[in-house]
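Here is the structure we will look at, set down as structure tokens.
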Amino acid sequence: MSELQEVSCRINGKMRAFVVDPTMPLLHVLREVLDLKATRFGCGEGTCGACTVIVDGQAVMSCDLPAGQVDGRRIETAEGLDGDPPHPLVAAFLENQAGQCGYCLPGILMAARALLEGEPTPPSRARIAEALDGNLCRCGTHARILDAIEDAAKHMNRGPLA
Amino acid sequence: MTVDVPPPFADAPHMRDWIAISPEGDVTFLSGRVELGQGSSTALLMMAADELGVSADAITLETARTDRTPNEGLTAGSMSITFGGAALRWAASALLVQMLDAASERLGCAPQELRTESGEILRNDASTGLNLLDFVSAADLSCRVADLARPKDAGERWKTFRDIPRMDLKECMVGTPFVHDMTAPDMLHGAPVHPPSMQSALVSLDLEALKVRPGVVEVVHDSSFVGVVADTPLAAARAAEWAQKRGTWETKPVGAVDPVKFIASSTADAETIVDTGNVNRNIGQWYETTVTRPYIFHGSIGPAAAVALWEGDEVTVWTHSQGVFQLRRAISKALGLEEKKIRAIHCLGAGCYGHNGADDVAFDAVLMARAVPGRHVKVVWSRRDEFHAAPMGAAMATNVRALLGPDNNLTAFDVIVNSAPHTNRPGAGGTPNLRAAAYLANPIQPARSADVPLARGGGANRNAVPTYKVGDVRVQRRLVHDLPYRSSSLRSLGAFNNVIAIESLMDDIALDIGMPPFEFRLQHIDDQRSRDVLERIDSETRQVREVPLPEGAGWGLGFARYKGTGGYCAVMVRVEVDGDVRVTDAFAVADVGEAVSPDGVRNQVEGGMLQSISWTLKEAVPVDGSSTTAGSWADYPILTFSEAPRLSVALIERADALPLGAGEISQGPTGAAVCNAVRAALGIRVRNLPITRDAIIAAVNE
């Protein structure tokens with residue numbers, strides 16, 4: 001355990017500051033320190049994508065990202081997709097019923113959001129699939145998930161993350 | 001058509017077993033069936049609401065907890081809708097009868113004049129201005145369901161709504177519905193330090209040093225069981241990992257390193273499961289094939305998790321087990337604690353696909369929480385635990401021989417299934433069958449598995465009887481126990497491999513006699529529903545199959561009726577082989593009788609297809625003679641998004657037929673379709689799964 005360090009970052013638009021062991025993975029900071037539990041633990045070693053969040057516009061796996069490295073960064077998590085109305089991705093996933101157990105979905109939604117917000121025009125299905133290759137889905141909902149992201153891409157406002 | 005009195009009413013006959021009404025008049029239906037990610041909660045709620053004639057949001061559903069819901073056994077084998085749904089329809093019907101009786105008194109009419117739609121009571125189809133649920137005080141839940149219920153016929157159903165979206169999906173995306181997410185004041189976090197196998201014993205571990213690792217609150221030690229309780233999940237995981245690296249365990253002598261060869265070549269006594277006559281005949285030509293599959297992981301994306309809390313000598317465990325009552329009994333046996341002192345409550349976990357580590361981790365949590373009474377202890381297995389400690393889907397080898405008569409009709413079918421057992425569930429054989437129970441000072445090793453009986457669809461021999469009319473049939477089963485790997489139910493059990501073997505042989509024979517695969521199959525079908533499914537997949541795909549194929553591409557067909565008694569499914573896939581096999585397109589036609597939630601059925605069929613393609617092309621548990629060597633997903637690749645095909649699923653809906661369940665109907669037909677498509681693409685038959693580049697080369701060299 002390293003010496004505690006103060007870390008501040010913007011999470012879903014809100015400034016948050018916390019004092020943690022800087023080697024603690026961001027996933028644990030989100031879930032245990034900040035009580036943002038929509039980001040899931042799947043493997044703890046960056047191989048399944050369940051813990052994907054967006055850091056400064058890039059989709060990253062939070063389970064092996066040390067908290068010390070997010071100081072001053074902008075972080076988006078699945079909680080930020082909720083709202084009335086919900087984010088177009090959530091709406092499209094509901095419309096397509098693109099889920100079974102749903103455990104992998106927050107990570108997939110964040111990987112998809114980073115992709116769609118980073119591209120000037122709606123990406124091809126193959127491009128979407130490629131962007132999700134770090135995210136595993138075991139229920140076999142792949143086709144519906146790709147359908148939903150294609151639908152969302154048509155409805156999303158383009159531009160960099162706020 | 002409805003089933004006769006559904007079986008659950010034998011043990012839970014009263015309305016109060018199935019329905020709770022709050023002082024405010026809110027109606028909650030109680031089901032012993034659990035949500036495993038398959039959408040069953042939504043479908044069950046739909047059935048109860050439809051029977052009442054109210055919208056689905058007018059009532060609620062509570063599932064599987066030992067202190068509140070009926071015991072409906074395991075949520076397994078695609079029986080939730082058939083039996084669990086029928087039970088709720090009956091209970092709802094009984095409630096409706098009571099409420100309409102009260103309404104008829106108010107209206108001064110005969111109850112037969114009344115029915116409900118969208119929550120309103122209609123008299124001879126005209127509005128009465130009365131809401132059904134305003135009569136909930138007329139309910140007498142002490143009545144017996146079967147005395148009152150007269151569930152709706154098909155023509156009377158689905159007047160208020162037809163299909164509804166999954167109730168729980170949004171929460172899965174942006175919320176915290178899983179047992180992994182549960183919180184409680186003063187919650188502690190546990191992590192087990194699992195021995196390498198169920199037969200290995202702890203030799204040495206510096207427990208004093210473990211106790212002072214950062215954040216550690218307690219170390220629970222009982223013989224070979226070691227669990228770390230810490231103040232955060234990260235501290236628990238890090239301490240357990242520290243212990244895993246420093247501990248030493250004695251491991252029993254090594255078993256076969258190639259379990260598939262070991263199983264395929266077993267000469268253990270074969271047990272005859274089915275024998276309709278004399279298959280030892282020689283008029284005609286015998287064809288034969290053997291298909292093998294390795295051990296396969298369940299591979300939930302979320303590892304097994306549970307929360308336990310001891311209060312005095314009583315314990316509560318929150319679990320994603322498929323059977324909370326079986327888990328309670330198993331814990332009772334393992335601890336020597338009366339069942340009434342144990343409460344098991346189902347919570348959502350990640351998709352389960354069969355008997356995974358859910359029960360084992362629940363017992364881990366119970367053991368660890370005992371050391372810190374009054375405090376909740378949450379245990380979430382590591383990815384390594386999930387691969388090492390959870391039961392795996394059984395490796396197996398299916399040998400199929402078929403006798404073709406001179407008129408090109410099959411006259412005999414002889415199947416021998418060699419397999420590791422397909423069940424080692426909690427309580428099986430009278431032992432707890434919980435992993436940690438084998439580690440304790442009073443160790444209880446699992447009884448030798450008897451596999452799943454034919455009456456419950458069979459395990460190794462599931463779908464070993466062809467769905468076709470093939471003359472005399474013999475099925476033999478050879479259970480192979482002498483391997484150290486722990487196997488239990490994985491979605492569709494033996495059906496996946498058996499259907500692949502049978503469908504491979506059907507294609508081989510058709511090819512040999514120059515008959516189209518559809519025609520050869522149809523010639524051996526004598527029931528209309530099978531015929532309809534096959535004819536529909538033929539017509540659905542005819543146009544795309546006429547597009548000229550590039551070199552190394554091919555189409556393949558697979559078909560079966562799950563368990564011989566369940567849903568019908570035909571699958572057609574197109575593959576391209578360029579070193580690796582890629583499924584580019586997959587089509588299915590399914591008949592599951594009444595599709596309660598048609599979109600839910602399609603979703604389940606699609607999921608089964610994708611998972612089956614992953615099993616067929618990619619998956620094999622690496623083993624070293626005593627346990628798996630897979631520590632992470634890097635050692636066990638599964639289908640990725642880029643590898644997923646385009647999918648199309650069509651349903652043949654039969655509103656008046658018994659609903660049959662959809663979660664396990666497509667695995668066998670899909671695997672078979674892929675194997676047959678590879679055969680069509682390459683001209684060679686790959687018989688040992690998974691069909692990797694190496695397996696293709698090996699088949700070429702055979």
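To be explicit about the labels: the chains of the structure tokens are called A, B, and onward in the order shown, and within each one the residues are counted from 1, while ligands get numbers from 1 in the order they are shown.
Near region 114-118 of chain A, within 10 Å and counting only C-alpha atoms, sit Val53, Ile54, Val55, Asp56, Gly57, Gln58, Ala59, Val60, Glu76, Leu89, Ile108, Arg127, Ile128, Ala131, Leu132, Ile149, Glu150, Ala152, Ala153, Lys154, Met156, Asn157, Arg158, Gly159, Pro160 and Leu161 of chain A; same-chain residues fewer than 6 positions away were not included.
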Exercise for review: Find the residues of chain B in contact range of chain A, meaning any atom within 6 Å when counting only C-alpha atoms, and list them as a list in words.
Suggested key: Gly37, Gln38, Cys172, Met173, Val174, Gly175, Thr176, Ile301, Gly302, Ala350, Gly351, Arg383, Gly607, Leu610, Gln611, Thr640, Phe641 and Ser642 of chain B
Check your understanding: So which residues of region 455-509 of chain B fall under strand (DSSP E) by DSSP, listed as number ranges by chain?
Key -> B: 472-479
Which neighbours of region 8-16 of chain B fall inside 9 Å, counting only C-alpha atoms, when residues of the same chain fewer than 2 positions from it are skipped, and could you give them as a PDB file with all heavy atoms, in the first residue's frame?
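Output saved as around-v3.pdb:
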ATOM      1  N   VAL B   5     -53.391 -29.833 -13.382  1.00  0.00           N
ATOM      2  CA  VAL B   5     -52.950 -29.097 -12.194  1.00  0.00           C
ATOM      3  C   VAL B   5     -51.420 -29.078 -12.137  1.00  0.00           C
ATOM      4  O   VAL B   5     -50.786 -30.121 -12.105  1.00  0.00           O
ATOM      5  CB  VAL B   5     -53.507 -29.754 -10.913  1.00  0.00           C
ATOM      6  CG1 VAL B   5     -53.028 -28.978  -9.697  1.00  0.00           C
ATOM      7  CG2 VAL B   5     -55.016 -29.786 -10.960  1.00  0.00           C
ATOM      8  N   PRO B   6     -50.805 -27.891 -12.195  1.00  0.00           N
ATOM      9  CA  PRO B   6     -49.344 -27.855 -12.250  1.00  0.00           C
ATOM     10  C   PRO B   6     -48.707 -28.494 -11.013  1.00  0.00           C
ATOM     11  O   PRO B   6     -49.227 -28.338  -9.905  1.00  0.00           O
ATOM     12  CB  PRO B   6     -49.027 -26.360 -12.321  1.00  0.00           C
ATOM     13  CG  PRO B   6     -50.281 -25.710 -12.793  1.00  0.00           C
ATOM     14  CD  PRO B   6     -51.398 -26.559 -12.261  1.00  0.00           C
ATOM     15  N   TRP B  18     -48.801 -18.374  -3.058  1.00  0.00           N
ATOM     16  CA  TRP B  18     -48.471 -17.791  -4.365  1.00  0.00           C
ATOM     17  C   TRP B  18     -48.772 -16.309  -4.473  1.00  0.00           C
ATOM     18  O   TRP B  18     -48.368 -15.655  -5.427  1.00  0.00           O
ATOM     19  CB  TRP B  18     -49.264 -18.540  -5.473  1.00  0.00           C
ATOM     20  CG  TRP B  18     -48.945 -19.993  -5.468  1.00  0.00           C
ATOM     21  CD1 TRP B  18     -49.584 -20.969  -4.772  1.00  0.00           C
ATOM     22  CD2 TRP B  18     -47.860 -20.629  -6.131  1.00  0.00           C
ATOM     23  NE1 TRP B  18     -48.964 -22.181  -4.971  1.00  0.00           N
ATOM     24  CE2 TRP B  18     -47.912 -21.999  -5.813  1.00  0.00           C
ATOM     25  CE3 TRP B  18     -46.843 -20.171  -6.990  1.00  0.00           C
ATOM     26  CZ2 TRP B  18     -46.983 -22.917  -6.305  1.00  0.00           C
ATOM     27  CZ3 TRP B  18     -45.921 -21.084  -7.494  1.00  0.00           C
ATOM     28  CH2 TRP B  18     -45.998 -22.444  -7.144  1.00  0.00           C
ATOM     29  N   ILE B  19     -49.577 -15.825  -3.518  1.00  0.00           N
ATOM     30  CA  ILE B  19     -50.039 -14.435  -3.611  1.00  0.00           C
ATOM     31  C   ILE B  19     -49.916 -13.779  -2.237  1.00  0.00           C
ATOM     32  O   ILE B  19     -50.254 -14.396  -1.225  1.00  0.00           O
ATOM     33  CB  ILE B  19     -51.533 -14.383  -4.052  1.00  0.00           C
ATOM     34  CG1 ILE B  19     -51.707 -15.029  -5.419  1.00  0.00           C
ATOM     35  CG2 ILE B  19     -52.037 -12.934  -4.084  1.00  0.00           C
ATOM     36  CD1 ILE B  19     -53.168 -15.312  -5.770  1.00  0.00           C
ATOM     37  N   ALA B  20     -49.423 -12.560  -2.221  1.00  0.00           N
ATOM     38  CA  ALA B  20     -49.438 -11.771  -0.989  1.00  0.00           C
ATOM     39  C   ALA B  20     -50.169 -10.469  -1.290  1.00  0.00           C
ATOM     40  O   ALA B  20     -49.998  -9.894  -2.359  1.00  0.00           O
ATOM     41  CB  ALA B  20     -48.019 -11.492  -0.519  1.00  0.00           C
ATOM     42  N   ILE B  21     -51.000 -10.034  -0.348  1.00  0.00           N
ATOM     43  CA  ILE B  21     -51.720  -8.774  -0.526  1.00  0.00           C
ATOM     44  C   ILE B  21     -51.381  -7.877   0.656  1.00  0.00           C
ATOM     45  O   ILE B  21     -51.560  -8.262   1.814  1.00  0.00           O
ATOM     46  CB  ILE B  21     -53.239  -9.017  -0.627  1.00  0.00           C
ATOM     47  CG1 ILE B  21     -53.537  -9.881  -1.866  1.00  0.00           C
ATOM     48  CG2 ILE B  21     -53.992  -7.683  -0.712  1.00  0.00           C
ATOM     49  CD1 ILE B  21     -54.979 -10.334  -1.980  1.00  0.00           C
ATOM     50  N   LEU B  30     -45.909 -14.608  -5.866  1.00  0.00           N
ATOM     51  CA  LEU B  30     -44.703 -15.224  -5.319  1.00  0.00           C
ATOM     52  C   LEU B  30     -44.328 -16.419  -6.195  1.00  0.00           C
ATOM     53  O   LEU B  30     -45.153 -17.299  -6.432  1.00  0.00           O
ATOM     54  CB  LEU B  30     -44.970 -15.698  -3.886  1.00  0.00           C
ATOM     55  CG  LEU B  30     -45.555 -14.646  -2.951  1.00  0.00           C
ATOM     56  CD1 LEU B  30     -45.980 -15.266  -1.622  1.00  0.00           C
ATOM     57  CD2 LEU B  30     -44.548 -13.523  -2.722  1.00  0.00           C
ATOM     58  N   PRO B  70     -42.938 -20.184  -2.655  1.00  0.00           N
ATOM     59  CA  PRO B  70     -43.000 -21.644  -2.740  1.00  0.00           C
ATOM     60  C   PRO B  70     -41.677 -22.220  -3.233  1.00  0.00           C
ATOM     61  O   PRO B  70     -40.893 -21.536  -3.881  1.00  0.00           O
ATOM     62  CB  PRO B  70     -44.118 -21.894  -3.752  1.00  0.00           C
ATOM     63  CG  PRO B  70     -44.316 -20.615  -4.481  1.00  0.00           C
ATOM     64  CD  PRO B  70     -43.864 -19.519  -3.569  1.00  0.00           C
ATOM     65  N   ASN B  71     -41.470 -23.485  -2.896  1.00  0.00           N
ATOM     66  CA  ASN B  71     -40.281 -24.204  -3.364  1.00  0.00           C
ATOM     67  C   ASN B  71     -40.623 -24.856  -4.685  1.00  0.00           C
ATOM     68  O   ASN B  71     -41.352 -25.843  -4.732  1.00  0.00           O
ATOM     69  CB  ASN B  71     -39.889 -25.258  -2.324  1.00  0.00           C
ATOM     70  CG  ASN B  71     -38.698 -26.088  -2.771  1.00  0.00           C
ATOM     71  OD1 ASN B  71     -38.149 -25.882  -3.860  1.00  0.00           O
ATOM     72  ND2 ASN B  71     -38.292 -27.022  -1.932  1.00  0.00           N
ATOM     73  N   GLU B  72     -40.126 -24.298  -5.768  1.00  0.00           N
ATOM     74  CA  GLU B  72     -40.391 -24.889  -7.090  1.00  0.00           C
ATOM     75  C   GLU B  72     -39.165 -25.612  -7.623  1.00  0.00           C
ATOM     76  O   GLU B  72     -39.028 -25.808  -8.830  1.00  0.00           O
ATOM     77  CB  GLU B  72     -40.837 -23.801  -8.075  1.00  0.00           C
ATOM     78  CG  GLU B  72     -42.178 -23.192  -7.706  1.00  0.00           C
ATOM     79  CD  GLU B  72     -42.718 -22.309  -8.814  1.00  0.00           C
ATOM     80  OE1 GLU B  72     -43.044 -22.833  -9.890  1.00  0.00           O
ATOM     81  OE2 GLU B  72     -42.772 -21.082  -8.602  1.00  0.00           O
ATOM     82  N   GLY B  73     -38.257 -25.970  -6.735  1.00  0.00           N
ATOM     83  CA  GLY B  73     -37.068 -26.692  -7.185  1.00  0.00           C
ATOM     84  C   GLY B  73     -36.117 -25.758  -7.905  1.00  0.00           C
ATOM     85  O   GLY B  73     -36.132 -24.547  -7.710  1.00  0.00           O
ATOM     86  N   PHE B  83     -43.917 -24.718 -16.164  1.00  0.00           N
ATOM     87  CA  PHE B  83     -44.478 -25.066 -14.859  1.00  0.00           C
ATOM     88  C   PHE B  83     -44.651 -23.844 -13.945  1.00  0.00           C
ATOM     89  O   PHE B  83     -45.709 -23.638 -13.377  1.00  0.00           O
ATOM     90  CB  PHE B  83     -43.617 -26.138 -14.184  1.00  0.00           C
ATOM     91  CG  PHE B  83     -43.691 -27.448 -14.910  1.00  0.00           C
ATOM     92  CD1 PHE B  83     -42.602 -27.943 -15.594  1.00  0.00           C
ATOM     93  CD2 PHE B  83     -44.869 -28.176 -14.934  1.00  0.00           C
ATOM     94  CE1 PHE B  83     -42.676 -29.148 -16.286  1.00  0.00           C
ATOM     95  CE2 PHE B  83     -44.960 -29.383 -15.626  1.00  0.00           C
ATOM     96  CZ  PHE B  83     -43.858 -29.869 -16.304  1.00  0.00           C
ATOM     97  N   GLY B  84     -43.591 -23.053 -13.837  1.00  0.00           N
ATOM     98  CA  GLY B  84     -43.678 -21.878 -12.966  1.00  0.00           C
ATOM     99  C   GLY B  84     -44.718 -20.902 -13.460  1.00  0.00           C
ATOM    100  O   GLY B  84     -45.476 -20.314 -12.672  1.00  0.00           O
ATOM    101  N   ALA B  87     -48.261 -22.262 -12.889  1.00  0.00           N
ATOM    102  CA  ALA B  87     -48.647 -22.133 -11.480  1.00  0.00           C
ATOM    103  C   ALA B  87     -49.171 -20.723 -11.204  1.00  0.00           C
ATOM    104  O   ALA B  87     -50.190 -20.545 -10.542  1.00  0.00           O
ATOM    105  CB  ALA B  87     -47.457 -22.449 -10.577  1.00  0.00           C
ATOM    106  N   ALA B  91     -52.859 -19.535  -9.933  1.00  0.00           N
ATOM    107  CA  ALA B  91     -53.055 -18.734  -8.712  1.00  0.00           C
ATOM    108  C   ALA B  91     -53.809 -17.448  -9.042  1.00  0.00           C
ATOM    109  O   ALA B  91     -54.733 -17.047  -8.328  1.00  0.00           O
ATOM    110  CB  ALA B  91     -51.700 -18.424  -8.077  1.00  0.00           C
ATOM    111  N   ALA B  92     -53.418 -16.811 -10.154  1.00  0.00           N
ATOM    112  CA  ALA B  92     -54.086 -15.567 -10.555  1.00  0.00           C
ATOM    113  C   ALA B  92     -55.545 -15.833 -10.889  1.00  0.00           C
ATOM    114  O   ALA B  92     -56.432 -15.035 -10.575  1.00  0.00           O
ATOM    115  CB  ALA B  92     -53.362 -14.955 -11.753  1.00  0.00           C
ATOM    116  N   ALA B  94     -57.463 -18.120  -9.613  1.00  0.00           N
ATOM    117  CA  ALA B  94     -58.224 -18.307  -8.365  1.00  0.00           C
ATOM    118  C   ALA B  94     -58.563 -16.948  -7.751  1.00  0.00           C
ATOM    119  O   ALA B  94     -59.680 -16.708  -7.283  1.00  0.00           O
ATOM    120  CB  ALA B  94     -57.406 -19.156  -7.384  1.00  0.00           C
ATOM    121  N   LEU B  95     -57.592 -16.044  -7.785  1.00  0.00           N
ATOM    122  CA  LEU B  95     -57.824 -14.703  -7.239  1.00  0.00           C
ATOM    123  C   LEU B  95     -58.895 -13.959  -8.049  1.00  0.00           C
ATOM    124  O   LEU B  95     -59.777 -13.296  -7.504  1.00  0.00           O
ATOM    125  CB  LEU B  95     -56.494 -13.928  -7.254  1.00  0.00           C
ATOM    126  CG  LEU B  95     -56.519 -12.503  -6.714  1.00  0.00           C
ATOM    127  CD1 LEU B  95     -56.927 -12.480  -5.238  1.00  0.00           C
ATOM    128  CD2 LEU B  95     -55.143 -11.846  -6.883  1.00  0.00           C
ATOM    129  N   ASP B 140     -59.685 -14.371  -0.425  1.00  0.00           N
ATOM    130  CA  ASP B 140     -59.471 -15.231   0.738  1.00  0.00           C
ATOM    131  C   ASP B 140     -58.338 -16.187   0.392  1.00  0.00           C
ATOM    132  O   ASP B 140     -58.552 -17.212  -0.249  1.00  0.00           O
ATOM    133  CB  ASP B 140     -60.755 -15.999   1.076  1.00  0.00           C
ATOM    134  CG  ASP B 140     -60.546 -16.977   2.227  1.00  0.00           C
ATOM    135  OD1 ASP B 140     -59.409 -17.017   2.772  1.00  0.00           O
ATOM    136  OD2 ASP B 140     -61.504 -17.692   2.579  1.00  0.00           O
ATOM    137  N   LEU B 141     -57.132 -15.787   0.813  1.00  0.00           N
ATOM    138  CA  LEU B 141     -55.946 -16.519   0.367  1.00  0.00           C
ATOM    139  C   LEU B 141     -55.778 -17.860   1.067  1.00  0.00           C
ATOM    140  O   LEU B 141     -54.848 -18.608   0.767  1.00  0.00           O
ATOM    141  CB  LEU B 141     -54.694 -15.651   0.567  1.00  0.00           C
ATOM    142  CG  LEU B 141     -54.693 -14.309  -0.186  1.00  0.00           C
ATOM    143  CD1 LEU B 141     -53.384 -13.571   0.040  1.00  0.00           C
ATOM    144  CD2 LEU B 141     -54.921 -14.509  -1.685  1.00  0.00           C
ATOM    145  N   SER B 142     -56.704 -18.175   2.006  1.00  0.00           N
ATOM    146  CA  SER B 142     -56.600 -19.492   2.639  1.00  0.00           C
ATOM    147  C   SER B 142     -57.208 -20.580   1.750  1.00  0.00           C
ATOM    148  O   SER B 142     -57.122 -21.759   2.057  1.00  0.00           O
ATOM    149  CB  SER B 142     -57.300 -19.468   4.008  1.00  0.00           C
ATOM    150  OG  SER B 142     -58.697 -19.291   3.811  1.00  0.00           O
ATOM    151  N   CYS B 143     -57.854 -20.178   0.669  1.00  0.00           N
ATOM    152  CA  CYS B 143     -58.458 -21.170  -0.233  1.00  0.00           C
ATOM    153  C   CYS B 143     -57.377 -21.909  -1.025  1.00  0.00           C
ATOM    154  O   CYS B 143     -56.264 -21.409  -1.205  1.00  0.00           O
ATOM    155  CB  CYS B 143     -59.411 -20.492  -1.209  1.00  0.00           C
ATOM    156  SG  CYS B 143     -60.841 -19.794  -0.391  1.00  0.00           S
ATOM    157  N   ARG B 144     -57.757 -23.076  -1.497  1.00  0.00           N
ATOM    158  CA  ARG B 144     -56.828 -23.859  -2.313  1.00  0.00           C
ATOM    159  C   ARG B 144     -56.967 -23.428  -3.772  1.00  0.00           C
ATOM    160  O   ARG B 144     -58.076 -23.330  -4.298  1.00  0.00           O
ATOM    161  CB  ARG B 144     -57.120 -25.351  -2.161  1.00  0.00           C
ATOM    162  CG  ARG B 144     -56.871 -25.864  -0.751  1.00  0.00           C
ATOM    163  CD  ARG B 144     -57.434 -27.261  -0.571  1.00  0.00           C
ATOM    164  NE  ARG B 144     -56.637 -28.240  -1.277  1.00  0.00           N
ATOM    165  CZ  ARG B 144     -55.623 -28.908  -0.712  1.00  0.00           C
ATOM    166  NH1 ARG B 144     -55.308 -28.703   0.554  1.00  0.00           N
ATOM    167  NH2 ARG B 144     -54.920 -29.775  -1.412  1.00  0.00           N
ATOM    168  N   VAL B 145     -55.835 -23.223  -4.388  1.00  0.00           N
ATOM    169  CA  VAL B 145     -55.818 -22.736  -5.774  1.00  0.00           C
ATOM    170  C   VAL B 145     -56.623 -23.661  -6.682  1.00  0.00           C
ATOM    171  O   VAL B 145     -57.473 -23.215  -7.459  1.00  0.00           O
ATOM    172  CB  VAL B 145     -54.361 -22.630  -6.292  1.00  0.00           C
ATOM    173  CG1 VAL B 145     -54.352 -22.313  -7.789  1.00  0.00           C
ATOM    174  CG2 VAL B 145     -53.582 -21.571  -5.517  1.00  0.00           C
ATOM    175  N   ALA B 146     -56.362 -24.950  -6.569  1.00  0.00           N
ATOM    176  CA  ALA B 146     -56.958 -25.892  -7.525  1.00  0.00           C
ATOM    177  C   ALA B 146     -58.474 -25.988  -7.370  1.00  0.00           C
ATOM    178  O   ALA B 146     -59.164 -26.419  -8.291  1.00  0.00           O
ATOM    179  CB  ALA B 146     -56.316 -27.264  -7.363  1.00  0.00           C
TER     180      ALA B 146
END
Study note, to complete from the structure: Min atom-atom distance to Gly625 (chain B) from the set B:Gly661, B:Pro550, B:Gly459, B:Gly255, counting only C-alpha atoms, belongs to B:Gly255
Practice item. Check the DSSP output for the backbone and give back, as a VMD selection string, the residues of region 191-395 of chain B in alpha helix (DSSP H). Key: chain B and resid 207 to 211 233 to 246 259 to 264 324 to 335 358 to 369 383 to 389
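Between CA of Thr42 (chain B) and CA of Arg328 (chain B) lies a distance of 25.7 Å.
Going from CA of Asp101 (chain B) over to CA of Ala86 (chain B), you cover 22.5 Å.
Near Pro690 (chain B), within 9 Å and counting only C-alpha atoms, sit Thr292, Arg293, Pro294, Ser614, Trp615, Thr616, Leu617, Lys618, Glu619, Ala620, Val686, Arg687 and Ala695 of chain B, not including residues fewer than 3 positions from it in the same chain.
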Practice item. Excluding Gly554 (chain B) and residues on its chain fewer than 4 positions from it, collect all residues at most 9 Å away from it, counting only C-alpha atoms, and give them as a ChimeraX atom specification. Key: /B:549-550,573-577,676-682
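Across A:Asp151, A:Asp84, A:Glu3, A:Leu26, the tightest approach to Asp71 (chain A) is made by A:Leu26 when counting only C-alpha atoms.
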